[in-house]
Each structure stands twice: as C-alpha cells, then as structure tokens.
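S.K.: Let me give you the structure first, and then I'll get to my questions.
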Amino acid sequence: MTHKPSTILIVDDDKTVIEQLQNHFRRRNYEPIATANPAIVDQTLAAYEVHLILLDLRMDRLSGYDVLKNLRSRSIHTPVLIITAYYQDERAKLREFQITEQDVIEKPFRDFAKIEAKINIKLNKVIAPSEVGSDYEDEIYLNNKACVIIVDDELEITEILAETLRERAYEVKTFGDGRAALDYLKSGNGKCHIGIIDMAIPGLLGHKLIEEMLRIDPRIEVIPVSAKYEEEMRERLADVGFDPSKLVTKPFDLPTLVEQVKVLAVKAGVLGGGGVR
C-alpha cells in the first residue's frame, strides 16, 4: 500500500538548504514545497493544504519566531519543526514557545533517518522504504509534452505550484492577470493543454477568461480555483456554460491537484505515450 504524499512546507532563506531538503523528500514520497520569503507563509497556507512546516529561525525578512507568533495568533495549528544551526543559543527562547529538542532539526543535516523519524512523529505515520515512489511515476513524465498555464495574482504562491509541475517536466507559463494570459493565447505562439485559473484574478475575471480560452481552443482542459465565495463562483462558471462541479477550492491538497493535472494531460494525449496535439 502506498501512502498519499504529505505536503511539507520548507521556510528558509538559504536556497541551498531548500534544494537539499526538497531533493531528499521527493525521493521519500513527500510533496515538499518551499519559500525563501517567510512573509508569505500565511498566503501559502491559505492556498495549499500543508501537513507540516519546517521553519528556519534566523531569516532576514522575518524571523522564525515572528512566523510562530503569527501562526499562533491566527490559531493555525499546522505542526512545526524548527531547523537551525543555533539550537544551543536559542534553546531558552524556544522553550518559551513550548518547543523542545524533539521539535528541532539541527543544521548541518547529517542523519536524515533521524530527521524523518521526527517528521513522521509529527505526521503520526511511518513510511517504509518499500512504499517509496514507483517506476510508473518516474516513467510517465519522461516524455511529457503538456503545457500548463497558471493564472493567479499571488505570484509567489503561484510559483510554488509552477515549480512542483516543472519538477514533473511540464512546461509551465504563469500570469498575474487574466488579460495577459488571454493575449498569450491569442498571439498564435502560445500553447496550452491545461489551464489552472483563479476565479478572482484582475484584468479579466476567471470565468470570463475560461469562456474566452475555450472559444480559442475548446480542447483546453481547465481547473478553476477559488479561495472564497464558492457558491457565487460556481454560479459564474455555470453562467458561461462551464461545469461548476469542477471548481477546486483553496486551500487545495497539492498531491491531489498534481494527480488531477496528470489525468487531464493523459486525457489530452500529451502525457503517458499518447499522441501530441
């Protein structure tokens, strides 16, 4: 039995650390996402269903303590593990946040088995080596011809999703407003097999963009997403003749969304050995 991947948010302004952790966790059947900007942790949690946060303490824009205070003031209970090279110096202050040695991963990372043990305690699960990954998942993306456009004005949040798809060899274009995305498609040079469209984008609202996209190419597969006003957004989709049941609400589960994109890409014939349109 293969566990559904847990989404881990890495918050660290050292991109080398981010890369090291993401590479390891992808191989271990987690879905790691990351930001070097601690100021967008709230936005990230609003967009993605995160099961665990790995949080550095000493960052330039905001400290890890600032992030912890903000999470607690907003009653956000996502489990947190601290990653730091200064645990001995920070021990007393961390204790004020009820954070003990069991909640800390010390840098530099030397023993990933111990790191995973702490992570799995937080997630209340264990992943056995025999359950990690699959040849199918590796092979299906080898000849990936799918192009995905993502339209959302939260650009740093959008980039997290874009990077997750690029890791699976999708070609990804991102746009901060609906008009720019439409201009791209109308240019004649723009291609799109799958569109992930936020319903509240500026320039051209999501339902109108979807209507225009499908006029240009009815074969485009569309995933509309929305953070609020779910019923209103479903009505808007119905008004332009789009199936409102396809609306995905934020925060969405990232592995589920990735699987949805994969299914649509296979359906479009641009993934998994089908013909390329």
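For the structure tokens, the naming scheme is as follows: chains receive sequential letters (A, B, ...) according to their order of presentation, residues are indexed from 1 within each chain, and ligands are indexed from 1 in presentation order.
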Which polymer residues have any atom within 10 Å of an atom of stretch 199-206 of chain A, counting only C-alpha atoms, with same-chain residues fewer than 2 positions away left out, as a PyMOL selection string?
M.R.: chain A and resi 151-154+175-182+196-197+208-212+224-230+233-234+236-237+247
S.K.: Let's have the selection written as a CSV table (one decimal), in the first residue's frame, with C-alpha atoms.
M.R.:
```csv
chain,number,residue,atom,x,y,z
A,151,VAL,CA,-3.3,32.4,-13.8
A,152,ASP,CA,-3.2,33.9,-10.3
A,153,ASP,CA,-2.2,37.3,-8.9
A,154,GLU,CA,-0.5,35.8,-5.9
A,175,PHE,CA,0.4,35.1,-15.5
A,176,GLY,CA,-0.7,37.6,-12.8
A,177,ASP,CA,-3.8,38.7,-14.6
A,178,GLY,CA,-6.4,37.4,-17.0
A,179,ARG,CA,-5.8,39.8,-19.8
A,180,ALA,CA,-2.1,38.9,-20.1
A,181,ALA,CA,-3.0,35.2,-20.2
A,182,LEU,CA,-5.6,35.8,-22.9
A,196,ILE,CA,-5.3,26.4,-13.7
A,197,ILE,CA,-7.3,29.6,-13.3
A,208,LYS,CA,-14.7,35.3,-18.4
A,209,LEU,CA,-11.1,34.1,-19.1
A,210,ILE,CA,-12.3,30.5,-19.2
A,211,GLU,CA,-15.0,31.4,-21.6
A,212,GLU,CA,-12.5,33.2,-23.9
A,224,PRO,CA,-10.9,26.7,-11.9
A,225,VAL,CA,-9.8,27.5,-8.3
A,226,SER,CA,-11.2,29.9,-5.7
A,227,ALA,CA,-10.4,30.8,-2.1
A,228,LYS,CA,-13.8,32.2,-1.2
A,229,TYR,CA,-17.4,32.8,-2.3
A,230,GLU,CA,-17.7,29.3,-3.5
A,233,MET,CA,-18.1,31.3,-8.2
A,234,ARG,CA,-20.0,28.2,-9.2
A,236,ARG,CA,-20.4,32.4,-12.5
A,237,LEU,CA,-19.0,29.2,-14.1
A,247,LEU,CA,-14.3,24.2,-9.1
```
S.K.: Would you return as a ChimeraX atom specification the members of stretch 35-262 of chain A that DSSP assigns to helix (DSSP H, G or I) on this structure's backbone?
M.R.: /A:38-47,64-73,87-96,101-103,112-123,129-131,135-140,155-166,178-186,206-216,230-239,244-246,254-262
S.K.: Between A:Gly195, A:Gly269, A:Gly188, A:Pro251, which is the closest to A:His51 once you count only C-alpha atoms?
M.R.: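 Among A:Gly195, A:Gly269, A:Gly188, A:Pro251, it is A:Pro251 that comes nearest to A:His51.
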S.K.: Within stretch 47-240 of chain A, find each residue whose DSSP state, derived from the backbone, is strand (DSSP E or B), and express the selection as a PyMOL selection string.
M.R.: chain A and resi 48+52-56+80-84+104-106+147-151+171-175+194-198+221-226
S.K.: For stretch 5-20 of chain A, list every protein, DNA or RNA residue within 9 Å, evaluated using only C-alpha atoms, and leave out those in the same chain fewer than 3 positions away; present the list as JSON, numbers by chain.
M.R.: {"A": [2, 23, 24, 25, 29, 30, 31, 32, 33, 34, 35, 36, 37, 38, 41, 44, 45, 48, 49, 50, 51, 52, 53, 54, 55, 56, 57, 58, 59, 60, 61, 64, 83, 123, 253, 254, 255]}
S.K.: I'd like to know which of A:Ile121, A:Ile40, A:Ala47, A:Leu21 is closest to A:Pro79, using only C-alpha atoms.
M.R.: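 Among A:Ile121, A:Ile40, A:Ala47, A:Leu21, it is A:Ile121 that comes nearest to A:Pro79.
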S.K.: Could you work out how far atom CA of A:Ala169 lies from atom CA of A:Ala268, giving the answer in Å with one decimal?
M.R.: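 That distance, rounded to one decimal, is 15.9 Å.
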